[in-house]
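Written out below as structure tokens is the structure these notes cover.
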Amino acid sequence: IRNMANHKSAKTRINRNNKRSIINGARRSRVRTFVKKVLAAVLAGDKEAATAAFKVAESEMMRAAQKGVFHKNKASRTISRLNQKIKAL
């Protein structure tokens, strides 16, 4: 990615933002994967697998919210909806 900044601090900030963007993207993708695993288990009707996957997904989601990748309310809402689906099994 090109560096159009004129000041040293701006160049540093651009580099830092690029690094964080890669890390945040990876974390977001990781969370989505865990959520998909929960949904797949729910669709299969496997409550034990869904519960196990939910435990992992919940901690990943909250960690992402803590790091600022997702808003904490979005994380809570997603977790709540997943939990409702598991309880309905």
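Residue numbering restarts at 1 in every chain; chains get A, B, ... in the order shown in the structure tokens, and ligands count up from 1 in that same order.
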
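Every protein, DNA or RNA residue with an atom at most 12 Å from range 17-22 of chain A, where only C-alpha atoms count and chain neighbours fewer than 3 positions away do not, is listed here: Ile1, Arg2, Asn3, Ala10, Lys11, Thr12, Arg13, Ile14, Gly25, Ala26, Arg27, Arg28, Ser29, Lys67, Gly68 and Val69 of chain A.
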
Just N, CA, C and O atoms for this one: save the residues we selected as an mmCIF file, in the first residue's frame.
data_model
loop_
_atom_site.group_PDB
_atom_site.id
_atom_site.type_symbol
_atom_site.label_atom_id
_atom_site.label_comp_id
_atom_site.auth_asym_id
_atom_site.auth_seq_id
_atom_site.Cartn_x
_atom_site.Cartn_y
_atom_site.Cartn_z
ATOM 1 N N ILE A 1 0.851 -1.185 0.000
ATOM 2 C CA ILE A 1 0.000 0.000 0.000
ATOM 3 C C ILE A 1 0.884 1.231 0.000
ATOM 4 O O ILE A 1 1.873 1.298 0.730
ATOM 5 N N ARG A 2 0.496 2.168 -0.821
ATOM 6 C CA ARG A 2 1.331 3.359 -0.971
ATOM 7 C C ARG A 2 1.298 4.245 0.257
ATOM 8 O O ARG A 2 0.336 4.255 1.020
ATOM 9 N N ASN A 3 2.373 5.007 0.390
ATOM 10 C CA ASN A 3 2.520 5.889 1.536
ATOM 11 C C ASN A 3 2.538 7.331 1.041
ATOM 12 O O ASN A 3 3.538 7.799 0.514
ATOM 13 N N ALA A 10 2.687 10.726 10.459
ATOM 14 C CA ALA A 10 1.614 10.263 9.581
ATOM 15 C C ALA A 10 2.022 8.966 8.877
ATOM 16 O O ALA A 10 1.213 8.054 8.712
ATOM 17 N N LYS A 11 3.285 8.871 8.475
ATOM 18 C CA LYS A 11 3.787 7.654 7.841
ATOM 19 C C LYS A 11 3.724 6.483 8.822
ATOM 20 O O LYS A 11 3.315 5.382 8.473
ATOM 21 N N THR A 12 4.126 6.743 10.063
ATOM 22 C CA THR A 12 4.082 5.723 11.109
ATOM 23 C C THR A 12 2.644 5.255 11.310
ATOM 24 O O THR A 12 2.378 4.061 11.430
ATOM 25 N N ARG A 13 1.729 6.210 11.348
ATOM 26 C CA ARG A 13 0.319 5.898 11.566
ATOM 27 C C ARG A 13 -0.238 5.051 10.413
ATOM 28 O O ARG A 13 -0.982 4.095 10.638
ATOM 29 N N ILE A 14 0.134 5.370 9.198
ATOM 30 C CA ILE A 14 -0.314 4.599 8.030
ATOM 31 C C ILE A 14 0.172 3.159 8.136
ATOM 32 O O ILE A 14 -0.589 2.211 7.925
ATOM 33 N N GLY A 25 -8.743 -8.096 10.270
ATOM 34 C CA GLY A 25 -9.395 -8.899 9.238
ATOM 35 C C GLY A 25 -9.290 -10.379 9.556
ATOM 36 O O GLY A 25 -10.256 -11.131 9.406
ATOM 37 N N ALA A 26 -8.115 -10.795 10.013
ATOM 38 C CA ALA A 26 -7.913 -12.199 10.373
ATOM 39 C C ALA A 26 -8.795 -12.580 11.555
ATOM 40 O O ALA A 26 -9.404 -13.653 11.576
ATOM 41 N N ARG A 27 -8.869 -11.698 12.534
ATOM 42 C CA ARG A 27 -9.679 -11.980 13.724
ATOM 43 C C ARG A 27 -11.163 -12.054 13.357
ATOM 44 O O ARG A 27 -11.891 -12.919 13.820
ATOM 45 N N ARG A 28 -11.613 -11.135 12.496
ATOM 46 C CA ARG A 28 -13.013 -11.120 12.063
ATOM 47 C C ARG A 28 -13.341 -12.421 11.327
ATOM 48 O O ARG A 28 -14.375 -13.040 11.566
ATOM 49 N N SER A 29 -12.438 -12.834 10.461
ATOM 50 C CA SER A 29 -12.633 -14.064 9.693
ATOM 51 C C SER A 29 -12.690 -15.272 10.621
ATOM 52 O O SER A 29 -13.513 -16.180 10.441
ATOM 53 N N LYS A 67 -11.126 -6.302 21.684
ATOM 54 C CA LYS A 67 -10.045 -5.733 20.875
ATOM 55 C C LYS A 67 -10.555 -4.642 19.935
ATOM 56 O O LYS A 67 -9.781 -4.006 19.235
ATOM 57 N N GLY A 68 -11.874 -4.466 19.864
ATOM 58 C CA GLY A 68 -12.429 -3.406 19.033
ATOM 59 C C GLY A 68 -12.729 -3.820 17.605
ATOM 60 O O GLY A 68 -12.981 -2.978 16.752
ATOM 61 N N VAL A 69 -12.711 -5.118 17.317
ATOM 62 C CA VAL A 69 -13.011 -5.594 15.968
ATOM 63 C C VAL A 69 -14.521 -5.506 15.733
ATOM 64 O O VAL A 69 -14.969 -5.126 14.652
#

Discussion item. Please identify the helix (DSSP H, G or I) residues within chain A (assignment by DSSP from backbone atoms) and present them as a ChimeraX atom specification.
Written reply: /A:8-44,47-67,72-87

With C-alpha atoms retained, export the selected residues as a tab-separated table (two decimals), in the first residue's frame.
chain	number	residue	atom	x	y	z
A	8	LYS	CA	6.98	11.08	9.92
A	9	SER	CA	4.14	10.60	12.40
A	10	ALA	CA	1.61	10.26	9.58
A	11	LYS	CA	3.79	7.65	7.84
A	12	THR	CA	4.08	5.72	11.11
A	13	ARG	CA	0.32	5.90	11.57
A	14	ILE	CA	-0.31	4.60	8.03
A	15	ASN	CA	2.01	1.64	8.63
A	16	ARG	CA	0.39	0.88	11.98
A	17	ASN	CA	-3.12	1.11	10.50
A	18	ASN	CA	-2.16	-1.28	7.70
A	19	LYS	CA	-0.80	-3.82	10.19
A	20	ARG	CA	-3.87	-3.54	12.44
A	21	SER	CA	-6.18	-3.86	9.45
A	22	ILE	CA	-4.58	-7.21	8.54
A	23	ILE	CA	-4.80	-8.44	12.14
A	24	ASN	CA	-8.42	-7.27	12.53
A	25	GLY	CA	-9.39	-8.90	9.24
A	26	ALA	CA	-7.91	-12.20	10.37
A	27	ARG	CA	-9.68	-11.98	13.72
A	28	ARG	CA	-13.01	-11.12	12.06
A	29	SER	CA	-12.63	-14.06	9.69
A	30	ARG	CA	-11.76	-16.37	12.60
A	31	VAL	CA	-14.89	-15.34	14.51
A	32	ARG	CA	-17.08	-15.87	11.44
A	33	THR	CA	-15.65	-19.38	11.04
A	34	PHE	CA	-16.49	-20.30	14.64
A	35	VAL	CA	-20.01	-18.88	14.28
A	36	LYS	CA	-20.51	-20.93	11.11
A	37	LYS	CA	-19.46	-24.07	12.98
A	38	VAL	CA	-22.15	-23.41	15.60
A	39	LEU	CA	-24.80	-22.81	12.93
A	40	ALA	CA	-23.78	-25.98	11.05
A	41	ALA	CA	-24.14	-28.03	14.25
A	42	VAL	CA	-27.55	-26.46	14.93
A	43	LEU	CA	-28.75	-27.25	11.39
A	44	ALA	CA	-27.52	-30.83	11.82
A	47	LYS	CA	-26.95	-30.21	20.46
A	48	GLU	CA	-23.70	-31.44	22.03
A	49	ALA	CA	-21.56	-30.36	19.08
A	50	ALA	CA	-23.41	-27.04	18.92
A	51	THR	CA	-22.81	-26.41	22.62
A	52	ALA	CA	-19.11	-27.23	22.32
A	53	ALA	CA	-18.73	-25.01	19.24
A	54	PHE	CA	-20.72	-22.25	20.96
A	55	LYS	CA	-18.32	-22.18	23.90
A	56	VAL	CA	-15.38	-21.53	21.60
A	57	ALA	CA	-17.31	-19.06	19.42
A	58	GLU	CA	-18.46	-17.09	22.45
A	59	SER	CA	-14.95	-16.57	23.80
A	60	GLU	CA	-13.61	-15.63	20.34
A	61	MET	CA	-16.47	-13.19	19.77
A	62	MET	CA	-16.02	-11.47	23.12
A	63	ARG	CA	-12.25	-11.28	22.63
A	64	ALA	CA	-12.83	-9.63	19.23
A	65	ALA	CA	-15.24	-7.17	20.86
A	66	GLN	CA	-12.68	-6.42	23.54
A	67	LYS	CA	-10.05	-5.73	20.88
A	72	LYS	CA	-19.62	-5.20	22.19
A	73	ASN	CA	-23.38	-5.00	21.63
A	74	LYS	CA	-23.05	-6.78	18.27
A	75	ALA	CA	-21.02	-9.52	19.94
A	76	SER	CA	-23.60	-9.89	22.72
A	77	ARG	CA	-26.48	-9.93	20.23
A	78	THR	CA	-24.82	-12.59	18.08
A	79	ILE	CA	-24.04	-14.76	21.10
A	80	SER	CA	-27.58	-14.38	22.39
A	81	ARG	CA	-29.08	-15.42	19.04
A	82	LEU	CA	-26.80	-18.43	18.77
A	83	ASN	CA	-27.70	-19.47	22.31
A	84	GLN	CA	-31.43	-19.21	21.50
A	85	LYS	CA	-30.95	-21.52	18.51
A	86	ILE	CA	-29.11	-24.07	20.63
A	87	LYS	CA	-31.78	-23.98	23.36
